[in-house]
>>> print(open('my_file-v3.tsv').read())   # TSV, C-alpha atoms
chain	number	residue	atom	x	y	z
E	175	MET	CA	36.13	51.40	112.07
E	176	PRO	CA	32.80	53.18	112.47
E	177	ARG	CA	32.65	56.48	114.32
E	178	ILE	CA	30.10	56.17	117.14
E	179	ALA	CA	29.04	59.04	119.39
E	180	VAL	CA	26.26	59.07	122.00
E	181	GLN	CA	26.08	62.60	123.34
E	182	ALA	CA	23.87	65.35	124.75
E	183	GLU	CA	25.43	68.02	122.50
E	184	ASP	CA	24.22	68.94	119.02
E	185	PHE	CA	26.22	67.85	115.96
E	186	ASP	CA	26.88	69.43	112.59
E	187	PRO	CA	25.86	67.17	109.67
E	188	GLY	CA	28.22	68.94	107.25
E	189	THR	CA	31.19	68.43	109.55
E	190	GLU	CA	30.29	64.76	110.01
E	191	ILE	CA	29.99	64.17	106.26
E	192	ALA	CA	33.33	65.89	105.60
E	193	ALA	CA	35.04	63.85	108.33
E	194	LEU	CA	33.56	60.62	106.96
E	195	GLN	CA	34.82	61.48	103.48
E	196	ALA	CA	38.29	62.20	104.89
E	197	ARG	CA	38.35	58.74	106.55
E	198	ALA	CA	37.05	56.86	103.49
E	199	LYS	CA	39.44	58.12	100.85
E	200	GLN	CA	38.56	55.43	98.26
E	201	ALA	CA	34.80	56.10	98.44
E	202	GLY	CA	32.73	56.92	95.39
E	203	ALA	CA	29.53	57.61	97.32
E	204	LEU	CA	28.43	59.16	100.59
E	205	ALA	CA	24.88	58.95	101.93
E	206	SER	CA	23.41	60.39	105.11
E	207	PHE	CA	20.24	60.69	107.17
E	208	VAL	CA	19.36	63.23	109.87
E	209	GLY	CA	16.45	62.56	112.24
E	210	LEU	CA	14.73	65.57	113.85
E	211	VAL	CA	12.31	66.19	116.70
E	212	ARG	CA	8.95	66.49	114.96
E	213	SER	CA	6.11	68.72	116.12
E	214	ASP	CA	3.27	69.41	113.71
E	215	ALA	CA	-0.42	70.37	113.69
E	216	ALA	CA	-1.51	66.73	113.97
E	217	HIS	CA	0.74	66.09	116.96
E	218	PRO	CA	2.16	69.25	118.56
E	219	ILE	CA	4.73	68.79	121.32
E	220	LYS	CA	6.70	71.27	123.39
E	221	ALA	CA	9.83	69.18	123.93
E	222	MET	CA	11.17	65.64	123.95
E	223	THR	CA	13.47	63.85	126.38
E	224	LEU	CA	15.55	60.93	125.18
E	225	GLU	CA	16.62	58.51	127.89
E	226	HIS	CA	19.21	55.81	127.18
E	227	TYR	CA	21.19	53.01	128.84
E	228	PRO	CA	24.79	54.26	129.11
E	229	GLY	CA	27.21	51.51	128.23
E	230	MET	CA	24.72	49.24	126.52
E	231	THR	CA	23.81	52.03	124.08
E	232	GLU	CA	27.35	52.38	122.76
E	233	ARG	CA	27.74	48.61	122.46
E	234	ALA	CA	24.43	48.17	120.67
E	235	VAL	CA	25.08	51.06	118.25
E	236	ARG	CA	28.56	49.77	117.48
E	237	ARG	CA	27.21	46.30	116.78
E	238	VAL	CA	24.64	47.68	114.33
E	239	ALA	CA	27.37	49.76	112.62
E	240	VAL	CA	29.74	46.79	112.29
E	241	GLU	CA	26.88	44.71	110.84
E	242	ALA	CA	26.16	47.43	108.26
E	243	GLU	CA	29.83	47.67	107.29
E	244	ARG	CA	29.88	43.91	106.74
E	245	ARG	CA	26.60	43.60	104.84
E	246	PHE	CA	27.18	46.53	102.53
E	247	ALA	CA	30.99	46.38	102.24
E	248	LEU	CA	31.15	49.97	103.52
E	249	LEU	CA	34.35	51.99	103.51
E	250	GLY	CA	33.20	53.82	106.62
E	251	CYS	CA	30.18	54.88	108.61
E	252	THR	CA	29.26	57.38	111.32
E	253	ILE	CA	26.44	57.28	113.85
E	254	VAL	CA	25.79	60.17	116.23
E	255	HIS	CA	22.80	59.82	118.57
E	256	ARG	CA	21.79	62.46	121.09
E	257	TYR	CA	20.07	62.08	124.46
E	258	GLY	CA	18.56	64.51	126.94
E	259	ARG	CA	15.96	67.22	126.45
E	260	LEU	CA	15.42	68.36	122.85
E	261	LEU	CA	13.12	70.88	121.21
E	262	PRO	CA	11.07	70.66	117.99
E	263	GLY	CA	13.40	70.90	115.02
E	264	ASP	CA	16.44	69.77	117.00
E	265	ARG	CA	18.60	67.09	115.45
E	266	ILE	CA	18.38	63.68	117.18
E	267	VAL	CA	20.43	61.29	115.08
E	268	PHE	CA	22.96	61.33	112.25
E	269	VAL	CA	23.74	58.32	110.10
E	270	GLY	CA	26.41	58.60	107.40
E	271	THR	CA	27.84	55.91	105.14
E	272	ALA	CA	30.68	55.74	102.61
E	273	SER	CA	31.02	53.11	99.91
E	274	SER	CA	32.36	52.56	96.42
E	275	HIS	CA	28.93	52.96	94.80
E	276	ARG	CA	25.66	54.72	95.61
E	277	ARG	CA	23.46	51.68	96.07
E	278	ALA	CA	25.44	50.31	99.05
E	279	ALA	CA	25.68	53.74	100.70
E	280	ILE	CA	21.95	54.45	100.37
E	281	GLY	CA	20.94	50.91	101.38
E	282	ALA	CA	23.25	50.91	104.39
E	283	THR	CA	21.87	54.25	105.57
E	284	GLU	CA	18.31	52.89	105.52
E	285	PHE	CA	19.44	49.67	107.21
E	286	LEU	CA	21.21	51.59	109.98
E	287	ILE	CA	18.29	53.82	110.86
E	288	ASP	CA	15.82	50.92	110.76
E	289	TRP	CA	17.99	48.84	113.08
E	290	LEU	CA	18.79	51.71	115.45
E	291	LYS	CA	15.06	52.23	115.99
E	292	THR	CA	14.61	48.75	117.44
E	293	ARG	CA	18.07	47.76	118.74
E	294	ALA	CA	19.64	50.81	120.40
E	295	PRO	CA	18.26	51.29	123.94
E	296	PHE	CA	16.72	54.76	123.69
E	297	TRP	CA	13.29	55.83	124.97
E	298	LYS	CA	11.46	58.98	123.94
E	299	GLN	CA	9.25	60.97	126.29
E	300	GLU	CA	7.13	63.75	124.80
E	301	HIS	CA	6.30	66.90	126.77
E	302	MET	CA	3.00	68.55	125.81
E	303	GLU	CA	1.98	72.20	125.91
E	304	ASP	CA	-0.35	71.52	128.86
E	305	GLY	CA	2.57	70.30	130.98
E	306	SER	CA	1.77	66.60	130.71
E	307	ALA	CA	4.30	64.04	129.49
E	308	ARG	CA	3.95	60.65	127.83
E	309	TRP	CA	6.37	57.90	126.89
E	310	VAL	CA	6.23	57.17	123.19
E	311	ALA	CA	4.97	53.65	122.45
E	312	ALA	CA	7.03	51.50	120.12
E	313	LEU	CA	5.53	51.15	116.66
E	314	ALA	CA	4.84	47.74	115.20
E	315	GLN	CA	5.87	49.32	111.88
E	316	ASP	CA	9.36	50.06	113.22
E	317	GLU	CA	9.73	46.43	114.22
E	318	ALA	CA	8.49	45.33	110.80
E	319	ASP	CA	10.96	47.71	109.09
E	320	ALA	CA	13.83	46.20	111.08
E	321	GLU	CA	12.66	42.62	110.54
E	322	ARG	CA	12.50	43.21	106.79
E	323	TRP	CA	16.31	43.20	106.81
E	324	MET	CA	16.32	39.77	108.41
E	325	ALA	CA	14.08	38.37	105.68
E	326	ASN	CA	16.26	40.00	103.02
E	327	THR	CA	19.33	38.13	104.11
E	328	ALA	CA	17.75	34.72	104.63
E	329	GLY	CA	18.68	33.58	101.15
E	330	GLN	CA	21.93	35.48	100.73
E	331	SER	CA	25.42	34.17	101.19
E	332	GLY	CA	26.60	37.25	103.09
E	333	GLY	CA	29.06	39.91	102.09
E	334	CYS	CA	27.64	42.71	100.00
S	161	MET	CA	23.30	34.30	148.17
S	162	ALA	CA	23.26	35.80	144.68
S	163	LYS	CA	23.35	39.58	144.40
S	164	LEU	CA	22.23	41.49	141.32
S	165	ARG	CA	22.47	45.08	140.15
S	166	ILE	CA	19.09	45.94	138.63
S	167	LEU	CA	18.42	49.00	136.44
S	168	TYR	CA	15.05	50.41	135.38
S	169	PHE	CA	14.41	52.76	132.47
S	170	ALA	CA	11.63	55.04	131.20
S	171	TRP	CA	8.16	54.29	132.66
S	172	LEU	CA	9.43	51.19	134.46
S	173	ARG	CA	11.78	53.46	136.41
S	174	GLU	CA	8.88	55.80	137.22
S	175	ARG	CA	6.64	52.97	138.42
S	176	VAL	CA	9.29	51.20	140.48
S	177	GLY	CA	10.35	54.55	141.95
S	178	HIS	CA	14.11	54.37	141.44
S	179	ALA	CA	16.63	53.94	138.64
S	180	GLU	CA	18.78	51.20	140.13
S	181	GLU	CA	19.27	48.97	143.13
S	182	GLU	CA	21.32	46.06	144.41
S	183	LEU	CA	19.25	43.11	145.55
S	184	ALA	CA	20.11	39.84	147.26
S	185	LEU	CA	18.00	37.10	145.76
S	186	PRO	CA	16.16	34.43	147.71
S	187	GLU	CA	16.87	30.79	146.82
S	188	GLY	CA	15.24	29.36	143.72
S	189	ILE	CA	15.53	32.33	141.36
S	190	ALA	CA	17.39	31.05	138.30
S	191	THR	CA	15.96	32.98	135.34
S	192	LEU	CA	14.77	36.46	134.40
S	193	GLY	CA	11.20	35.16	134.51
S	194	ASP	CA	11.73	33.96	138.09
S	195	LEU	CA	13.16	37.37	138.98
S	196	ILE	CA	10.17	39.24	137.53
S	197	ALA	CA	7.73	36.99	139.38
S	198	TRP	CA	9.57	37.66	142.66
S	199	LEU	CA	9.89	41.43	142.08
S	200	ARG	CA	6.13	41.67	141.48
S	201	THR	CA	5.52	40.48	145.03
S	202	ARG	CA	7.79	43.11	146.65
S	203	HIS	CA	5.51	46.16	146.50
S	204	ALA	CA	2.83	47.85	144.44
S	205	GLY	CA	5.32	49.83	142.32
S	206	TYR	CA	6.92	46.65	141.03
S	207	ALA	CA	3.52	45.07	140.48
S	208	ALA	CA	2.55	48.11	138.36
S	209	ALA	CA	5.83	48.09	136.44
S	210	PHE	CA	5.49	44.43	135.50
S	211	ALA	CA	1.69	44.38	135.16
S	212	GLU	CA	1.91	43.92	131.38
S	213	PRO	CA	4.76	41.48	130.67
S	214	GLY	CA	4.32	41.97	126.93
S	215	LEU	CA	5.49	45.59	127.30
S	216	VAL	CA	8.65	44.78	129.27
S	217	ARG	CA	12.02	44.08	127.66
S	218	ALA	CA	15.20	43.08	129.49
S	219	ALA	CA	18.95	42.86	129.22
S	220	VAL	CA	21.47	40.79	131.18
S	221	ASN	CA	24.96	42.28	131.30
S	222	GLN	CA	23.93	44.78	128.58
S	223	GLU	CA	22.74	42.12	126.12
S	224	PHE	CA	19.05	41.72	125.24
S	225	ALA	CA	17.65	38.71	127.04
S	226	ARG	CA	14.42	36.71	127.16
S	227	PRO	CA	12.50	35.56	130.26
S	228	GLU	CA	14.12	32.12	130.13
S	229	ALA	CA	17.65	33.62	130.31
S	230	ALA	CA	19.71	32.44	133.30
S	231	ILE	CA	20.86	34.99	135.88
S	232	ALA	CA	23.82	34.61	138.21
S	233	ASP	CA	25.58	36.35	141.08
S	234	GLY	CA	27.06	39.70	140.03
S	235	ASP	CA	24.94	40.13	136.89
S	236	GLU	CA	23.65	43.52	135.78
S	237	VAL	CA	19.99	43.16	134.83
S	238	ALA	CA	18.00	45.95	133.17
S	239	PHE	CA	14.24	46.28	132.58
S	240	PHE	CA	12.79	48.74	130.08
S	241	PRO	CA	9.92	49.26	127.62
S	242	PRO	CA	10.26	48.46	123.90
S	243	ILE	CA	12.83	50.76	122.33
S	244	THR	CA	11.81	54.04	120.68
S	245	GLY	CA	15.10	55.48	119.41
S	246	GLY	CA	16.25	56.76	116.07
>>> encode(input="my_file-v3.tsv", output="structure tokens")
Amino acid sequence: MPRIAVQAEDFDPGTEIAALQARAKQAGALASFVGLVRSDAAHPIKAMTLEHYPGMTERAVRRVAVEAERRFALLGCTIVHRYGRLLPGDRIVFVGTASSHRRAAIGATEFLIDWLKTRAPFWKQEHMEDGSARWVAALAQDEADAERWMANTAGQSGGC
Amino acid sequence: MAKLRILYFAWLRERVGHAEEELALPEGIATLGDLIAWLRTRHAGYAAAFAEPGLVRAAVNQEFARPEAAIADGDEVAFFPPITGG
């Protein structure tokens, strides 16, 4: 069973990785990804608000996690996604995977974050230094990254 | 008469002016596409929210749905922009 959390509070990546390892006792590999609020010289922001669709979010995230466990024969996975107002450098999302071997863990981590970007109902609003705010537009590249996983499986027989 | 719970997110919520509502539908509205066409006639906020159909996504009962999806009494319908999570 994947661990899914959609929450306003921060999370601790080390604690999540240790808990995942404790659940997946047969694992030979753990992989993880942490997404952060980015603010840099090219695109400085003051803060970011993440809105989501309570209820649908948890269902959609769980579905993506179950699909990853099936495709990559995972021994466990964890997804923590935050919502609410966040500051540059704050953690937004944690993805952790456990498997027998590294390739499945690393592949599943990339799959999960690509699919979350286009299938979990979250919307980012950026707050600028001048007080203005703008909703972030979806990137065609994110959609292409997610679709890539569809193409990859077209000729496969399933499983891992 | 069919009643729906309708939710709006992100800039659709801002343009419509509220996050959710319960609406009784007039006769003849069978699909999401029909619903959008009717909402657009209600007032300027809806017209602005649905001005660019290519930028609007939808869910029926918390599952992604396309304009041809059927809607029925008691459904929860949500409208939102393309997702920007992760």
>>> residues_around(input="my_file-v3.tsv", residues="Ala307 in chain E", least_positions_apart="2", cutoff="10 Å", atoms="only C-alpha atoms", output="short mmCIF file (atom, residue, chain, number, x, y, z; two decimals) with C-alpha atoms, keeping the file's coordinate frame")
data_model
loop_
_atom_site.label_atom_id
_atom_site.label_comp_id
_atom_site.auth_asym_id
_atom_site.auth_seq_id
_atom_site.Cartn_x
_atom_site.Cartn_y
_atom_site.Cartn_z
CA ILE E 219 4.73 68.79 121.32
CA LYS E 220 6.70 71.27 123.39
CA ALA E 221 9.83 69.18 123.93
CA MET E 222 11.17 65.64 123.95
CA THR E 223 13.47 63.85 126.38
CA GLN E 299 9.25 60.97 126.29
CA GLU E 300 7.13 63.75 124.80
CA HIS E 301 6.30 66.90 126.77
CA MET E 302 3.00 68.55 125.81
CA GLU E 303 1.98 72.20 125.91
CA ASP E 304 -0.35 71.52 128.86
CA GLY E 305 2.57 70.30 130.98
CA TRP E 309 6.37 57.90 126.89
CA VAL E 310 6.23 57.17 123.19
#
>>> atom_distance(input="my_file-v3.tsv", atom1="CA of Gln315 in chain E", atom2="CA of Thr244 in chain S")
11.6 Å
>>> interface_residues(input="my_file-v3.tsv", of="chain S", to="chain E", cutoff="7 Å", atoms="all atoms listed in the file", output="count of residues only")
7
>>> atom_distance(input="my_file-v3.tsv", atom1="CA of Val220 in chain S", atom2="CA of Gly193 in chain S")
12.2 Å
>>> atom_distance(input="my_file-v3.tsv", atom1="CA of Ile280 in chain E", atom2="CA of Ala205 in chain E")
5.6 Å
>>> closest_residue(input="my_file-v3.tsv", among="E:Cys251, E:Ala216, E:Val235, E:Ala198", to="Pro176 in chain E", atoms="all atoms listed in the file")
E:Cys251
>>> residues_near_point(input="my_file-v3.tsv", point="(25.6, 46.9, 107.6)", cutoff="12 Å", atoms="all atoms listed in the file", output="NGL selection string")
:E and (176 or 235-252 or 269-273 or 278-290 or 323-324 or 327 or 332-334)
>>> closest_residue(input="my_file-v3.tsv", among="S:Tyr206, S:Phe240, S:Phe169, S:Trp198", to="Ala218 in chain S", atoms="all atoms listed in the file")
S:Phe240
>>> closest_residue(input="my_file-v3.tsv", among="S:Arg226, S:His178, S:Arg165, S:Arg173", to="Pro241 in chain S", atoms="all atoms listed in the file")
S:Arg173
>>> closest_residue(input="my_file-v3.tsv", among="E:Thr189, E:Leu194, E:Glu232, E:Arg212", to="Glu223 in chain S", atoms="all atoms listed in the file")
E:Glu232
>>> axis_aligned_box(input="my_file-v3.tsv", around="range 217-221 of chain S", padding_each_side="4 Å", output="lines of an AutoDock Vina configuration file")
center_x = 18.5
center_y = 42.4
center_z = 129.5
size_x = 20.9
size_y = 11.3
size_z = 11.6
>>> closest_residue(input="my_file-v3.tsv", among="S:Ala190, S:Ala225, S:Leu199, S:Val216", to="Leu172 in chain S", atoms="all atoms listed in the file")
S:Val216
>>> closest_residue(input="my_file-v3.tsv", among="S:Ala219, S:Ala197, S:Ala209, S:Leu164", to="Glu182 in chain S", atoms="all atoms listed in the file")
S:Leu164
>>> residues_around(input="my_file-v3.tsv", residues="Ala162 in chain S", least_positions_apart="5", cutoff="10 Å", atoms="only C-alpha atoms", output="count of residues only")
12
>>> build_atoms(input="my_file-v3.tsv", residues="range 213-238 of chain S", atoms="N, CA, C and O atoms", output="mmCIF file, in the coordinates of the input")
data_model
loop_
_atom_site.group_PDB
_atom_site.id
_atom_site.type_symbol
_atom_site.label_atom_id
_atom_site.label_comp_id
_atom_site.auth_asym_id
_atom_site.auth_seq_id
_atom_site.Cartn_x
_atom_site.Cartn_y
_atom_site.Cartn_z
ATOM 1 N N PRO S 213 3.461 42.074 131.057
ATOM 2 C CA PRO S 213 4.760 41.480 130.670
ATOM 3 C C PRO S 213 5.088 41.686 129.194
ATOM 4 O O PRO S 213 6.264 41.778 128.831
ATOM 5 N N GLY S 214 4.071 41.786 128.352
ATOM 6 C CA GLY S 214 4.320 41.970 126.930
ATOM 7 C C GLY S 214 4.971 43.298 126.603
ATOM 8 O O GLY S 214 5.519 43.482 125.511
ATOM 9 N N LEU S 215 4.910 44.261 127.534
ATOM 10 C CA LEU S 215 5.490 45.590 127.300
ATOM 11 C C LEU S 215 6.840 45.759 127.976
ATOM 12 O O LEU S 215 7.396 46.848 127.972
ATOM 13 N N VAL S 216 7.371 44.688 128.564
ATOM 14 C CA VAL S 216 8.650 44.780 129.270
ATOM 15 C C VAL S 216 9.722 44.022 128.486
ATOM 16 O O VAL S 216 9.523 42.881 128.074
ATOM 17 N N ARG S 217 10.858 44.711 128.270
ATOM 18 C CA ARG S 217 12.020 44.080 127.660
ATOM 19 C C ARG S 217 13.127 44.051 128.714
ATOM 20 O O ARG S 217 13.069 44.795 129.707
ATOM 21 N N ALA S 218 14.151 43.225 128.474
ATOM 22 C CA ALA S 218 15.200 43.080 129.490
ATOM 23 C C ALA S 218 16.551 42.872 128.840
ATOM 24 O O ALA S 218 16.650 42.475 127.669
ATOM 25 N N ALA S 219 17.582 43.161 129.616
ATOM 26 C CA ALA S 219 18.950 42.860 129.220
ATOM 27 C C ALA S 219 19.672 42.270 130.422
ATOM 28 O O ALA S 219 19.406 42.647 131.559
ATOM 29 N N VAL S 220 20.580 41.331 130.156
ATOM 30 C CA VAL S 220 21.470 40.790 131.180
ATOM 31 C C VAL S 220 22.890 41.129 130.754
ATOM 32 O O VAL S 220 23.299 40.788 129.634
ATOM 33 N N ASN S 221 23.597 41.834 131.620
ATOM 34 C CA ASN S 221 24.960 42.280 131.300
ATOM 35 C C ASN S 221 25.013 43.008 129.957
ATOM 36 O O ASN S 221 25.893 42.788 129.124
ATOM 37 N N GLN S 222 23.996 43.871 129.736
ATOM 38 C CA GLN S 222 23.930 44.780 128.580
ATOM 39 C C GLN S 222 23.705 44.064 127.258
ATOM 40 O O GLN S 222 23.997 44.612 126.198
ATOM 41 N N GLU S 223 23.167 42.828 127.320
ATOM 42 C CA GLU S 223 22.740 42.120 126.120
ATOM 43 C C GLU S 223 21.248 41.827 126.258
ATOM 44 O O GLU S 223 20.808 41.362 127.323
ATOM 45 N N PHE S 224 20.475 42.036 125.185
ATOM 46 C CA PHE S 224 19.050 41.720 125.240
ATOM 47 C C PHE S 224 18.864 40.269 125.662
ATOM 48 O O PHE S 224 19.616 39.389 125.239
ATOM 49 N N ALA S 225 17.868 40.054 126.514
ATOM 50 C CA ALA S 225 17.650 38.710 127.040
ATOM 51 C C ALA S 225 16.165 38.420 127.153
ATOM 52 O O ALA S 225 15.344 39.327 127.326
ATOM 53 N N ARG S 226 15.814 37.140 127.065
ATOM 54 C CA ARG S 226 14.420 36.710 127.160
ATOM 55 C C ARG S 226 14.140 36.155 128.565
ATOM 56 O O ARG S 226 15.073 35.898 129.321
ATOM 57 N N PRO S 227 12.846 35.982 128.894
ATOM 58 C CA PRO S 227 12.500 35.560 130.260
ATOM 59 C C PRO S 227 13.183 34.261 130.691
ATOM 60 O O PRO S 227 13.452 34.072 131.883
ATOM 61 N N GLU S 228 13.509 33.397 129.747
ATOM 62 C CA GLU S 228 14.120 32.120 130.130
ATOM 63 C C GLU S 228 15.628 32.238 130.365
ATOM 64 O O GLU S 228 16.283 31.268 130.764
ATOM 65 N N ALA S 229 16.203 33.430 130.135
ATOM 66 C CA ALA S 229 17.650 33.620 130.310
ATOM 67 C C ALA S 229 18.058 33.383 131.766
ATOM 68 O O ALA S 229 17.372 33.811 132.695
ATOM 69 N N ALA S 230 19.193 32.712 131.952
ATOM 70 C CA ALA S 230 19.710 32.440 133.300
ATOM 71 C C ALA S 230 20.319 33.718 133.883
ATOM 72 O O ALA S 230 20.889 34.533 133.157
ATOM 73 N N ILE S 231 20.199 33.887 135.193
ATOM 74 C CA ILE S 231 20.860 34.990 135.880
ATOM 75 C C ILE S 231 21.744 34.414 136.988
ATOM 76 O O ILE S 231 21.424 33.373 137.563
ATOM 77 N N ALA S 232 22.840 35.124 137.245
ATOM 78 C CA ALA S 232 23.820 34.610 138.210
ATOM 79 C C ALA S 232 24.357 35.761 139.054
ATOM 80 O O ALA S 232 24.215 36.937 138.700
ATOM 81 N N ASP S 233 25.008 35.389 140.141
ATOM 82 C CA ASP S 233 25.580 36.350 141.080
ATOM 83 C C ASP S 233 26.445 37.366 140.338
ATOM 84 O O ASP S 233 27.268 37.001 139.496
ATOM 85 N N GLY S 234 26.239 38.651 140.628
ATOM 86 C CA GLY S 234 27.060 39.700 140.030
ATOM 87 C C GLY S 234 26.538 40.241 138.711
ATOM 88 O O GLY S 234 27.091 41.202 138.182
ATOM 89 N N ASP S 235 25.468 39.653 138.174
ATOM 90 C CA ASP S 235 24.940 40.130 136.890
ATOM 91 C C ASP S 235 24.339 41.525 137.018
ATOM 92 O O ASP S 235 23.837 41.907 138.086
ATOM 93 N N GLU S 236 24.388 42.261 135.907
ATOM 94 C CA GLU S 236 23.650 43.520 135.780
ATOM 95 C C GLU S 236 22.417 43.242 134.924
ATOM 96 O O GLU S 236 22.546 42.837 133.770
ATOM 97 N N VAL S 237 21.254 43.425 135.524
ATOM 98 C CA VAL S 237 19.990 43.160 134.830
ATOM 99 C C VAL S 237 19.283 44.504 134.633
ATOM 100 O O VAL S 237 19.280 45.347 135.534
ATOM 101 N N ALA S 238 18.723 44.708 133.433
ATOM 102 C CA ALA S 238 18.000 45.950 133.170
ATOM 103 C C ALA S 238 16.606 45.618 132.640
ATOM 104 O O ALA S 238 16.447 44.686 131.856
#
